[in-house]
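As structure tokens, the structure follows; a few thoughts come after it.
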There are 4 protein chains.
Amino acid sequence: MIIILHPDTTDASPEYQQILAYLANKPNIKTRVHRIVGALRTVTEIYLIGDTHSLDQAEIEGLPGVERAVRVSEDYRVVGRHKDDARGGGFDYNGVHFGQDSLNVFAGLCAIDTPEHVEAMLKALRDHGQVCTRMGAYKPRTNPYAFQGHGKDCLPWVFELAGKYGIKVISMEITHDSHLEEIHEALEQTGRPTGVMLQIGTRNTQNFELLKCVGRQREFPVLLKRGFGITLEESLNAAEYVASEGNGMIVFGLRGMKTNMGDPHRNFVDFAHVPAVKRLTRMPVCIDPSHSVGSRERSPDGLLDVFHVTAQGIIAGANMVLVDFHPAPQKALVDGPQALTLEELPWFLEDVAIAREAYQKRCELRESKQKNGQD
Amino acid sequence: MIIILHPDTTDASPEYQQILAYLANKPNIKTRVHRIVGALRTVTEIYLIGDTHSLDQAEIEGLPGVERAVRVSEDYRVVGRHKDDARGGGFDYNGVHFGQDSLNVFAGLCAIDTPEHVEAMLKALRDHGQVCTRMGAYKPRTNPYAFQGHGKDCLPWVFELAGKYGIKVISMEITHDSHLEEIHEALEQTGRPTGVMLQIGTRNTQNFELLKCVGRQREFPVLLKRGFGITLEESLNAAEYVASEGNGMIVFGLRGMKTNMGDPHRNFVDFAHVPAVKRLTRMPVCIDPSHSVGSRERSPDGLLDVFHVTAQGIIAGANMVLVDFHPAPQKALVDGPQALTLEELPWFLEDVAIAREAYQKRCELRESKQKNGQD
Amino acid sequence: MIIILHPDTTDASPEYQQILAYLANKPNIKTRVHRIVGALRTVTEIYLIGDTHSLDQAEIEGLPGVERAVRVSEDYRVVGRHKDDARGGGFDYNGVHFGQDSLNVFAGLCAIDTPEHVEAMLKALRDHGQVCTRMGAYKPRTNPYAFQGHGKDCLPWVFELAGKYGIKVISMEITHDSHLEEIHEALEQTGRPTGVMLQIGTRNTQNFELLKCVGRQREFPVLLKRGFGITLEESLNAAEYVASEGNGMIVFGLRGMKTNMGDPHRNFVDFAHVPAVKRLTRMPVCIDPSHSVGSRERSPDGLLDVFHVTAQGIIAGANMVLVDFHPAPQKALVDGPQALTLEELPWFLEDVAIAREAYQKRCELRESKQKNGQD
Amino acid sequence: MIIILHPDTTDASPEYQQILAYLANKPNIKTRVHRIVGALRTVTEIYLIGDTHSLDQAEIEGLPGVERAVRVSEDYRVVGRHKDDARGGGFDYNGVHFGQDSLNVFAGLCAIDTPEHVEAMLKALRDHGQVCTRMGAYKPRTNPYAFQGHGKDCLPWVFELAGKYGIKVISMEITHDSHLEEIHEALEQTGRPTGVMLQIGTRNTQNFELLKCVGRQREFPVLLKRGFGITLEESLNAAEYVASEGNGMIVFGLRGMKTNMGDPHRNFVDFAHVPAVKRLTRMPVCIDPSHSVGSRERSPDGLLDVFHVTAQGIIAGANMVLVDFHPAPQKALVDGPQALTLEELPWFLEDVAIAREAYQKRCELRESKQKNGQD
């Protein structure tokens, strides 16, 4: 069961204390408190775990400070959508909104290499009105002898450059608890010129200790990539791990599944799951066309497969795009062959805009059908 | 090697006979003749198999009647795209064009049941300007005790109804050589009121005897569905089986892959392969959203997943859509739960139009980039 | 529901006619008669399909000629094991027994090439006491330009050679109805010097028309290979197709699944399913180590992976082994690289015997545990 | 390139210092030192990474202290087998030998629950001559609300009980760096009554930070489970991560792959890879029949599938078996349904012995064939 409190019910309020005291008297019931910070208001939810069948929903809804109580029979208690559940999703971070209705493009470098490349990338983004980017400092690699990223040493100058070019959010993969602390410190040290979204990669989707770690902090939002060899249900349970520790600022990322059925693409593109994830959970959904496709092949219409699958994700309602660019792909240390060039950035953004516009038209069409009683 | 003849070189011409005589003198070379009938002209191609390395390309191109010779090093000799290969693809059938640039919607019944349902379906199609449909008479079913379709008995009245409502092409699955003959006879008997595209289902993608059978005839075009448990390469080789027997009127159909990684969809939607198939071969590409998704689930934006994945296929350039409708889904004998209703037909077609328009805008954008030297 | 008749109840007997008349009076009930020919007796079973809930089991068991009636709630009505079902499985063909307790090795040529190679192979088998072999005349190949087998032309001399060397059963793949007739004719023409087990390959596991065709005839037993890209349940349903048409002489063949998770083997070896198939159905289970492994790689203990996976199948109770040998693998037209040599035949048979002996010891151990009340 | 030193060449020896000085002068060459502790001798290997093509193998082999230099062109530099590479593998830990020739059974509790259950388990093992066990204190669970194990609190009493019953090695999964420290401390605190093999589970196979962590320490051996959704090559690269950090005491564990092609088993049993892993690397290979099969289903011969797949692994040369037992499966907190009972322990061990004996007979047969020139 989830108890949703009135927006003005703070930790310190007597109503809150009374509710906790009420619950403490119930046998075999544990509570986890979950707080979602939106632009306009903060919502507090209390999750009840254990023998909740014995609880009286009406009685709980009668307690002062309680807006509503929702019985949760399905999986994904925190991140899921539930039967009588009209709660919104999404969150704001560093001035950028992330929700199931918004769209944010995160173009950038798969792996940070030189200050020149980083600056060229960020300048191009600024020049085209972008405030988000992706930048990898910690790179998990299949082969232990491959380049593993510049790590914490590059963080200060990367953050400063980001601030210089007006970047609000950098999506950055972490692979260990300590990276969280390193990012926090580098941000402090440089005066917080930008924000960071912590990215959990597909090899760590079920690294539950790392999930708990990013779930316990509430400073950074989390982009959780789907595991490339597990079912969607298992990956959504991984998102629930993060949320169950208290951090509800989660974006769920589709990046292709690992099976030779996806050849000639590097992974089996799974963006048909965009509407499925939005139905099953309240999380915004990100797509990663670069790692899904893994090449610069193009079809006879002259459009790169990376462009095509991006358009596919967006026309079905994707909320975020993580895409690899590089000022000099042939010099990139990781995944150069799939990167787009800075010259292609405006084209890519225009292509994205066409697909987004089509998605919006489709939603308007549906609304008009609904109004006319045709849905 | 492929020898492409001048359009006006017929079987009976002396040039043609001279070319064959020339080739008959070459050791270890077999020939297969392939004829593609377009709206404006007929192209004859001679495929050379065997020890072609010893042949002299310039000498062959010097023969009268020869337009050009292409060395083929890659797979998919007939259906494939080759290096110095500017040949177009596509074909016309019963007044309808099928190519990598066109789009045809085949809405209809998964399985033919009653004349009332068939007529209601066909009337709705006519009322919304459609000239193609899908109708299943032979249904391969996993369970031997399930309904297997009405078979040849229903063909005459189905064809007559199709003619009555102006349907030009019915896509119809066959599972045995004899079905081809039955369809041919029913069409003859009813005075050819409509046309038929022979559909090879996913369970028969590697039924090579059936492929050869539909490849040997040149009366009907073929819609070959991708095998749901084999690689794309193997399925394209199956298309090559059909083509290598002489029938080049082939549409390649994506219908989702069989793996639990695709849950909650019935199959793992593979429409990201639309541009890949168009790059690797010259075949038009069909998508089957109904069997891929397998349900009427919808995302919070109110759009069915079937609508979403259709839009995804089309915005990436799909050329044909096979989609299940039914006047009374709860009475459908096969796959009722995934069928759209006749009331949803105009909405579906409008939704398709939005996605198609977006695809065309994307192609125009590319052309403008190319003109400006930005691609 | 299945009605099992007394062994002495023939088609012509009055009891049989009375039972059929009884059933004909029941509404919505269809019957299929199934006859299993064993060495000692013939069992007749009548399968009732449709609205069987309304039938009175006791009443039916009271009819003369009826031994027993079994309610079937599970899948696989004919081939399956059912709750209160103590029926044995297995069958005899041309003097060879096939059951869940027996073991038969089918060593031979993947594809028939020359009479010299065939004779060398058969002679080696005779010299080592073998009466079964595999020989391919019809070869389904992924690439349409690859060698497709010698077809019907080679059948007469192959059958005569088989007879000369005392071979009782040849396992031979067919890919079309017509092959069945061709085999029948060649056997007639040569005076039935040997027997044939019809093999349905993995690409035709769901070619339902072919399954029905081999199910309708009762001259030849059928080896049905598992589909390499579908679930086990679907493949067992394919076996049910054969059985539901009346032919109960079916061996189910495991041959590896198609996924890169099986690398470096050609297919993902699935012999752990040997006990699962024996539990779910009453069919004998065959393993095909050659196509599963697809190479002659060996582990540091000096034993080929083909030997290892064969031993794995047998120690878990496999009943038949289909394995590729060739007198000159480098000259084989199909799958030469994975073939064993004639010199390796005695070693292979001894290795098989060790594994079989271990299986039998394991069964004895279990019996002793059961006797002592420890199971 | 790998430089293998004479066994008596220690860190402190002048030869060792001279070799390092020699290498330090070479441009673009990094070194990693790897030490393998065997029962009789310690081998030191120096791995050279970088531009090794410019090195002179003969010159290096002429340096004092160098036994041999091996050029490594393949993957898996440390764990792999290489062309001219006769190095043995395996290691000794706490008096127990682990190698590609040995067999150790680790029967025990999937998850530690009560001292009574742990003691009952350990007593049964002692009574049947076993000195190894499995015991889980840290349990990664798909669902965040499921029981996650008793963690560090239970370690002291578990270790003490293990010591009381003569257990030499406990295989214990860890999911975070801190667990390593907790285990070390609990062992110190209790006077090292037993040893621990650190188990990395399938969800952490590509948790590279955890792999590096267990690779940097040399106190405990590591059991690395194969990733259930990645290729074998990627999992072997994960083992190379551990080894490249210096810890060569690695056992590689097969535990089944995650795909519905493996139904009705919980995972697709992959024990056919036992010989493949032994060929590709020098690591001992473990099988986990309990998690692969995931049930107590049995075939008509009365043997559980868990017994069958265990026998399959062993007859192909498996070196370690990880298997779930429980004194009261219905009370087990994790994976009770698949656990064997203590009454089944002697039967299981006898069944294992039959399979092992068969494997040894097969090796002897091969040796006799080799002696007679038949291999």
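Letters A, B, ... mark the chains of the structure tokens in the order given; residue numbers begin at 1 per chain; ligand numbers begin at 1, in order shown.
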Next item on the list: Excluding Met261 (chain A) and any residue of its chain fewer than 5 positions from it, enumerate the residues within 7 Å of it, using only C-alpha atoms, and give them as a ChimeraX atom specification.
Entry: /A:268 /B:230-232
Can you write just those residues out, all heavy atoms, as a CSV table (one decimal), in the first residue's frame?
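The result, stored in part.csv:
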```
chain,number,residue,atom,x,y,z
A,268,PHE,N,20.1,-5.7,-30.8
A,268,PHE,CA,18.7,-5.8,-31.4
A,268,PHE,C,18.0,-4.6,-30.8
A,268,PHE,O,17.7,-4.5,-29.6
A,268,PHE,CB,18.1,-7.1,-30.9
A,268,PHE,CG,16.9,-7.5,-31.6
A,268,PHE,CD1,16.7,-8.9,-31.8
A,268,PHE,CD2,16.0,-6.6,-32.1
A,268,PHE,CE1,15.5,-9.3,-32.5
A,268,PHE,CE2,14.9,-7.0,-32.8
A,268,PHE,CZ,14.6,-8.4,-33.0
B,230,ILE,N,15.7,-17.3,-36.7
B,230,ILE,CA,16.9,-17.4,-37.5
B,230,ILE,C,17.5,-16.0,-37.7
B,230,ILE,O,16.8,-15.0,-37.5
B,230,ILE,CB,16.7,-18.2,-38.8
B,230,ILE,CG1,15.6,-17.5,-39.7
B,230,ILE,CG2,16.4,-19.6,-38.6
B,230,ILE,CD1,15.4,-18.2,-41.0
B,231,THR,N,18.7,-15.9,-38.2
B,231,THR,CA,19.3,-14.6,-38.4
B,231,THR,C,18.7,-14.0,-39.7
B,231,THR,O,18.1,-14.6,-40.5
B,231,THR,CB,20.8,-14.7,-38.6
B,231,THR,OG1,21.1,-15.5,-39.8
B,231,THR,CG2,21.5,-15.3,-37.4
B,232,LEU,N,18.9,-12.7,-39.8
B,232,LEU,CA,18.4,-11.9,-40.9
B,232,LEU,C,19.0,-12.5,-42.2
B,232,LEU,O,18.4,-12.6,-43.2
B,232,LEU,CB,18.7,-10.4,-40.7
B,232,LEU,CG,18.2,-9.5,-41.9
B,232,LEU,CD1,16.6,-9.6,-42.0
B,232,LEU,CD2,18.6,-8.1,-41.6
```
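Within region 40-120 of chain A, DSSP run on the backbone puts these residues in strand (DSSP E): Thr42, Val43, Thr44, Glu45, Ile46, Tyr47, Leu48, Ile49, Gly50, Val66, Glu67, Arg68, Ala69, Val70, Phe91, Asp92, Tyr93, Val96, His97, Phe98, Asn104, Val105, Phe106, Ala107, Gly108 and Leu109 of chain A.
Minimum atom-to-atom distance to chain D, evaluated using only C-alpha atoms, belongs to C:Gly89 out of C:Gly129, C:Gly89, C:Gly195, C:Pro140.
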Note to self: Residues of chain D were defined as contacting chain C if any atom lay at most 8 Å from it, counting only C-alpha atoms; please report them as a ChimeraX atom specification.
What the structure shows: /D:229-232,257,260-264,268-270,272,275-276,278-279,298-303,305,308-309,311-313,315-316,343-344,347,351,354-355,358,361-363,365-366,369,374-375
Residues just named, written with C-alpha atoms as an mmCIF file, in the first residue's frame:
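Written file, out-v5.cif:
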```cif
data_model
loop_
_atom_site.group_PDB
_atom_site.id
_atom_site.type_symbol
_atom_site.label_atom_id
_atom_site.label_comp_id
_atom_site.auth_asym_id
_atom_site.auth_seq_id
_atom_site.Cartn_x
_atom_site.Cartn_y
_atom_site.Cartn_z
ATOM 1 C CA GLY D 229 22.977 -13.181 -21.111
ATOM 2 C CA ILE D 230 26.373 -12.626 -22.722
ATOM 3 C CA THR D 231 28.591 -14.743 -24.944
ATOM 4 C CA LEU D 232 31.131 -17.193 -23.575
ATOM 5 C CA MET D 257 21.864 -19.207 -19.802
ATOM 6 C CA ASN D 260 13.070 -19.355 -22.848
ATOM 7 C CA MET D 261 14.659 -21.849 -25.250
ATOM 8 C CA GLY D 262 15.723 -23.631 -22.045
ATOM 9 C CA ASP D 263 12.171 -24.167 -20.734
ATOM 10 C CA PRO D 264 11.016 -26.194 -18.833
ATOM 11 C CA PHE D 268 19.300 -23.256 -20.621
ATOM 12 C CA VAL D 269 21.815 -25.772 -19.270
ATOM 13 C CA ASP D 270 25.211 -25.056 -20.875
ATOM 14 C CA ALA D 272 28.381 -28.849 -23.122
ATOM 15 C CA PRO D 275 35.280 -29.085 -22.646
ATOM 16 C CA ALA D 276 35.205 -25.783 -24.559
ATOM 17 C CA LYS D 278 38.990 -26.247 -20.706
ATOM 18 C CA ARG D 279 40.297 -25.924 -24.258
ATOM 19 C CA ARG D 298 12.439 -36.077 -12.525
ATOM 20 C CA SER D 299 12.324 -38.218 -15.633
ATOM 21 C CA PRO D 300 10.487 -41.568 -15.819
ATOM 22 C CA ASP D 301 13.711 -43.384 -14.813
ATOM 23 C CA GLY D 302 13.225 -41.863 -11.367
ATOM 24 C CA LEU D 303 16.309 -39.652 -11.510
ATOM 25 C CA ASP D 305 16.991 -33.616 -13.718
ATOM 26 C CA HIS D 308 21.101 -35.914 -14.768
ATOM 27 C CA VAL D 309 22.716 -32.603 -15.642
ATOM 28 C CA ALA D 311 26.251 -36.409 -14.458
ATOM 29 C CA GLN D 312 26.404 -34.693 -17.850
ATOM 30 C CA GLY D 313 28.852 -32.100 -16.595
ATOM 31 C CA ILE D 315 31.262 -37.191 -17.667
ATOM 32 C CA ALA D 316 32.614 -34.369 -19.842
ATOM 33 C CA GLU D 343 18.752 -37.840 2.881
ATOM 34 C CA GLU D 344 19.624 -37.501 -0.802
ATOM 35 C CA TRP D 347 22.795 -40.933 -3.241
ATOM 36 C CA ASP D 351 25.718 -40.816 -8.565
ATOM 37 C CA ILE D 354 29.574 -43.204 -11.227
ATOM 38 C CA ALA D 355 29.812 -40.293 -13.686
ATOM 39 C CA ALA D 358 32.957 -43.064 -16.491
ATOM 40 C CA LYS D 361 37.426 -44.642 -18.155
ATOM 41 C CA ARG D 362 36.870 -42.481 -21.226
ATOM 42 C CA CYS D 363 40.242 -40.782 -20.665
ATOM 43 C CA LEU D 365 40.335 -45.388 -23.458
ATOM 44 C CA ARG D 366 41.701 -42.346 -25.236
ATOM 45 C CA LYS D 369 43.948 -45.409 -28.507
ATOM 46 C CA GLN D 374 44.656 -44.807 -33.289
ATOM 47 C CA ASP D 375 44.466 -41.139 -32.384
#
```
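Within the 10 Å cut-off around Leu211 (chain B), using only C-alpha atoms and omitting residues fewer than 4 positions from it on the same chain, the listed residues are B:His176, B:Asp177, B:Ile200, B:Asn204, B:Thr205, B:Gln206, B:Asn207, B:Gly215, B:Arg216, B:Val222, B:Leu224, B:Ala238, B:Ala239, B:Glu240, B:Tyr241, B:Val242, B:Ala243, B:Ser244, B:Glu245.
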Margin query: List as number ranges by chain the protein and nucleic acid residues near region 107-112 of chain B, meaning an atom at most 8 Å away when only C-alpha atoms are counted, but skip any in the same chain fewer than 6 places from it.
Written below: B: 118, 121-122, 125, 132-139, 149-150, 154, 321-326, 332-335
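Closest approach to Lys212 (chain A) among D:Pro156, D:Gly256, D:Gly246, D:Pro144: D:Pro144, based on only C-alpha atoms.
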Item checked: Nearest to Ala318 (chain C), chosen from C:Trp157, C:Phe98, C:Tyr165, C:Phe91, with only C-alpha atoms counted in the distances -> C:Phe98
